[in-house]
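A.B. asks: The structure is given below, and queries will be raised subsequently.
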Amino acid sequence: DFVVHLDYGIGCYRGLQKIEAGGFQSDFMLLTFAKEEKVYVPVSKFHLVQKYMNPDGGRPKLNKLGEKAWNKTRSRVAKVVEDIAEELAEIYAARQARRGHAFERDSHEMQEFEQGFPFEETPDQLETIAQVKQDMESTMPMDRLVCGDVGFGKTEVAMRAVFKAVSDGKQVAMLVPTTILAQQHDTSFRQRFEETAITVESLSRFRSAAEQRAILKRLVEGKLDLVIGTHRLLSKDVKFADLGLLVVDEEQRFGVKQKERIKQFRAEVDVLTLSATPIPRTLHMSLMGLRDLSIINTPPADRIAIRTRLVHANDTVIQEAVSRELRRQGQVFVVHNRVESIFEYGRYLQRILPQVRIAVAHGQMSEHQLEQLMLDFIEGRYDLLLSTTIIESGLDIPRANTILINNADRFGLAQLYQLRGRVGRSNVQAFAYLMVSPEKIISQTARDRLQVLQDLNDLGVGFKLASRDLEIRGAGNLLGSEQSGQIASVGLELYTQMVDRAVKRLQRQETGQDENLEVRVVMSSIVQEVPDAYISNTNKRLSLYKTLASLDSEDTLWNLRNGTEDRFGPLPEALLNLFKSTQVRIWAQERRVQTVELRGEKLRLQIAKPDALNHETLIHWLSEPDSALRYIPENTLEVRNVPPDFDAILGELRLLEEVFTGTRSPLPAVPLPAGTDG
């Protein structure tokens with residue numbers, strides 16, 4: 001695997017190796033660079049190494065050790081990253097500073113409405129609903145992305161948010177990417193709100209000019225609670241009496257200008273975004289804390305995963321797939337995304353499937369034609385619907401359980417995933433055929449994309465899929481439309497880490513906090529490692545090392561400790577020491593201590609800033625006749641008679657707390673695993 005080391009550049013990962021250091025066998029990561037130059041990276045420096053991922057999938061050029069080119073590259077990317085980080089931090093700060101409408105807590109009517117849900121909520125769904133309500137009850141405007149697989153209950157989350165907003169006297173707009181989807185949502189929302197006083201209308205090209213004028217009039221007069229529509233809702237003539245919530249379905253389907261308009265809404269009202277596959281940029285901003293993220297990963301109880309096959313397109317494949325579906329009284333989607341050749345392809349299908357009733361749909365048809373054709377298909381007047389990607393988003397046709405996608409290599413991963421999600425929405429086994437031309441040479445990226453979709457056959461893969469899409473095509477410029485940006489030169493992981501660090505640095509500056517410290521914990525006389533006998537898989541050992549090196553709070557350390565024990569059993573002493581060493585590092589970071597080192601039986605703390613110390617308490621301690629504490633210029637504290645044992649070291653740090661704060665506070669040591677002597 002290619003990796004990127006922060007100090008040395010792009011190299012190759014050659015595995016973990018045991019090397020004797022300080023009288024102990026320790027794990028080192030072996031990296032090789034240009035001319036097979038080797039670097040052995042110790043455990044304490046693993047966080048400097050990231051996996052290298054290139055947007056175009058090409059092989060990177062390895063750096064030479066000691067050359068200036070890598071430093072120049074890093075500096076160039078760092079400058080770009082600073083600009084991006086500033087913009088991200090501004091968005092975040094503006095969002096924090098804004099004051100929106102704080103909705104009332106749930107009413108009795110809300111509880112009755114929730115009881116009217118005909119299915120049992122999944123645990124993820126309940127958690128997401130609670131998060132959305134909490135956001136709405138806060139004065140900070142909500143900006144939450146709900147990522148959940150197709151049919152996993154995102155719409156019900158939106159319905160409850162709509163009910164909450166309308167109960168508080170606010171209006172709601174729901175923005176959807178297609179006219180047909182607007183119609184389906186219109187039907188499902190009307191049904192769900194049938195027993196309530198909530199008024200629902202849809203605004204799309206299916207409505208006549210007179211109907212649209214009437215809806216707009218009711219909207220501005222406050223006589224309409226919920227309007228569902230396509231980008232028509234973003235037009236200048238659409239005005240609300242008191243808009244409180246915007247729900248955006250499948251944001252990745254909207255264009256740049258429409259997204260800019262949505263961004264303006266974010267400044268004024270609560271925004272709830274629903275997506276089965278969030279675009280990488282959206283996902284990235286969620287992961288970086290600029291938007292809140294909820295994931296619904298639990299499928300409904302009776303859902304079966306879609307079987308996906310990558311096949312060469314030929315008559316036999318199509319005939320077998322269609323006849324199998326029709327034998328069980330089902331319907332079939334065929335996607336052909338070229339309007340100019342769709343009728344020719346339709347004639348070909350009719351020739352090889354003479355008994356099958358075929359309808360053809362595309363976006364250039366008149367709205368009434370399209371609407372009628374879709375309704376005819378939903379009502380079973382056709383067996384097979386041949387269409388462009390107009391069927392991509394949200395259509396709910398439970399009898400359609402086979403989809404064939406022609407020239408599948410021409411589609412993006414998110415698009416393929418959405419198309420596949422048109423089937424398998426009931427408790428029947430569904431099939432998806434990704435068809436590619438036998439003569440065509442497919443690019444490696446397209447091949448990877450198709451392979452990913454075939455691999456991710458389990459339910460609830462939308463979130464994993466967006467992460468894989470990030471790996472395949474790169475995260476892109478986080479705020480712009482370029483897809484590869486500066487990523488190729490340093491790799492996706494390092495680029496992401498640089499942006500994340502730059503944003504956090506700016507946020508710390510805003511709040512008057514200091515720069516984040518790189519802390520060294522040197523305890524060479526104590527064995528600290530993940531033993532092979534405890535975790536035999538090298539990748540899992542490496543992953544644990546890297547996770548420990550990146551933690552910055554005791555809460556996350558405890559969670560990792562519990563998770564590791566649940567999975568692999570009680571921690572052996574060497575690994576327990578590694579956890580305790582991480583606890584020492586976190587303690588030091590919070591108190592501006594640059595180095596914590598044990599030399600013989602002397603514990604030394606090098607202080608980054610003198611003002612971190614409480615000087616009055618320090619003088620008092622130093623003047624005690626039997627004090628084990630010494631002060632060494634410049635800014636170093638030394639404690640004598642400390643044995644090479646982490647519990648003793650943590651005990652001393654707990655006592656030294658007084659020298660930093662003037663008051664002693666408890667420092668809970670990571671407890672020993674059951675069955676060991678403490």
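So you can find residues: chains in the structure tokens are A, B, ... in the order shown, residues in each start at 1, and ligands are numbered from 1 in order.
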Write out as a count of residues only the residues lying within 10 Å of Ala78 of chain A, counting only C-alpha atoms and excluding same-chain residues fewer than 3 positions away.

C.D. replies: 13

A.B. asks: Quick one: residues within 9 Å of segment 221-233 of chain A, only C-alpha atoms counted, chain neighbours fewer than 3 positions away excluded, as a ChimeraX atom specification?

C.D. replies: /A:162,166,169-179,181-183,185-186,198-205,215-218,236-238,240-242,254,258

A.B. asks: Report as a VMD selection string all protein, DNA and RNA residues lying within 9 Å of Ala432 of chain A, evaluated on only C-alpha atoms, omitting residues in the same chain fewer than 6 positions from it.

C.D. replies: chain A and resid 306 to 310 401 to 405 420 423

A.B. asks: Using only N, CA and C atoms, please write the residues we just selected to a file, as a compact mmCIF listing (two decimals), in the first residue's frame.

C.D. replies:
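Now in again24.txt:
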```txt
# COMPACT_ATOMS: atom_id res chain seq x y z
N ILE A 306 -30.61 -6.62 -1.73
CA ILE A 306 -30.72 -6.78 -3.19
C ILE A 306 -29.51 -7.56 -3.70
N ARG A 307 -29.77 -8.56 -4.55
CA ARG A 307 -28.65 -9.30 -5.17
C ARG A 307 -28.18 -8.53 -6.39
N THR A 308 -26.89 -8.22 -6.42
CA THR A 308 -26.34 -7.40 -7.51
C THR A 308 -25.36 -8.23 -8.34
N ARG A 309 -25.55 -8.19 -9.67
CA ARG A 309 -24.65 -8.94 -10.56
C ARG A 309 -24.07 -8.01 -11.61
N LEU A 310 -22.77 -8.14 -11.85
CA LEU A 310 -22.09 -7.39 -12.91
C LEU A 310 -22.01 -8.33 -14.11
N ASN A 401 -39.25 -5.40 -8.87
CA ASN A 401 -38.17 -5.97 -8.06
C ASN A 401 -36.99 -6.49 -8.87
N THR A 402 -36.93 -6.08 -10.15
CA THR A 402 -35.73 -6.36 -10.95
C THR A 402 -35.38 -5.09 -11.72
N ILE A 403 -34.09 -4.74 -11.72
CA ILE A 403 -33.64 -3.58 -12.50
C ILE A 403 -32.42 -3.98 -13.32
N LEU A 404 -32.42 -3.58 -14.60
CA LEU A 404 -31.26 -3.80 -15.47
C LEU A 404 -30.73 -2.42 -15.85
N ILE A 405 -29.44 -2.17 -15.62
CA ILE A 405 -28.85 -0.85 -15.91
C ILE A 405 -27.87 -1.01 -17.06
N ARG A 420 -30.28 1.35 -8.05
CA ARG A 420 -30.49 0.02 -7.48
C ARG A 420 -31.55 0.05 -6.39
N VAL A 423 -35.54 -0.84 -6.52
CA VAL A 423 -36.14 -2.18 -6.31
C VAL A 423 -35.82 -2.63 -4.88
```

A.B. asks: Using atom CA of Thr389 of chain A and atom CA of Leu375 of chain A as the two end points, give the distance in Å to one decimal.

C.D. replies: 17.0 Å

A.B. asks: Could you work out how far atom CA of Ser581 of chain A lies from atom CA of Phe24 of chain A, giving the answer in Å with one decimal?

C.D. replies: 16.4 Å

A.B. asks: Identify which of the residues A:Val490, A:Ile352, A:Ala85, A:Ile295 lies closest to Phe152 of chain A, counting only C-alpha atoms when measuring atom-to-atom distances.

C.D. replies: A:Ile295

A.B. asks: Extract, using only C-alpha atoms, all DNA, RNA and protein residues at most 9 Å from Gly15 of chain A, discarding same-chain residues fewer than 5 positions from it, and format them as a CSV table (one decimal) with C-alpha atoms, in the first residue's frame.

C.D. replies:
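What ended up in part33.csv:
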```csv
chain,number,residue,atom,x,y,z
A,28,PHE,CA,7.9,-0.5,14.1
A,29,MET,CA,6.3,0.4,10.8
A,30,LEU,CA,8.6,-0.2,7.9
A,31,LEU,CA,8.3,2.3,5.0
A,538,THR,CA,-1.5,-7.0,11.5
A,539,ASN,CA,-4.0,-4.5,10.0
```

A.B. asks: Closest to Phe163 of chain A among A:Lys133, A:Arg324, A:Arg505, A:Arg207, using only C-alpha atoms?

C.D. replies: A:Lys133

A.B. asks: Find the residue from A:Thr196, A:Gln418, A:Gln115, A:Asn614 that sits nearest to Val659 of chain A; use only C-alpha atoms when measuring.

C.D. replies: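 With only C-alpha atoms as the atom set, the closest residue is A:Asn614.
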
A.B. asks: Taking only C-alpha atoms into account, name the residue in A:Phe568, A:Ala408, A:Asn635, A:Leu384 that is nearest to His615 of chain A.

C.D. replies: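 Going through A:Phe568, A:Ala408, A:Asn635, A:Leu384 one by one, the smallest distance to His615 of chain A is for A:Asn635.
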
A.B. asks: Might you pull out every residue within 10 Å of Val332 of chain A, with only C-alpha atoms counted and same-chain residues fewer than 6 positions away left off, and present them as a ChimeraX atom specification?

C.D. replies: /A:321-323,325-326,358,377,382-386,399-404,423,431

A.B. asks: When you look at Ser627 of chain A with a cut-off of 12 Å (counting only C-alpha atoms), what residues show up, excluding the ones that are within fewer than 2 positions of it in the same chain? I need them as number ranges by chain.

C.D. replies: A: 618-625, 629-631, 638-641

A.B. asks: Mind giving me the straight-line distance from atom CA of Glu590 of chain A to atom CA of Met140 of chain A in Å, one decimal?

C.D. replies: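 According to the coordinates, atom CA of Glu590 of chain A and atom CA of Met140 of chain A are separated by 28.2 Å.
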
A.B. asks: Ranking A:Gln350, A:Asp555, A:Ala69, A:Ser294 by minimum distance to Cys147 of chain A and counting only C-alpha atoms, which one comes first?

C.D. replies: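 Comparing A:Gln350, A:Asp555, A:Ala69, A:Ser294 against Cys147 of chain A, the winner is A:Ser294.
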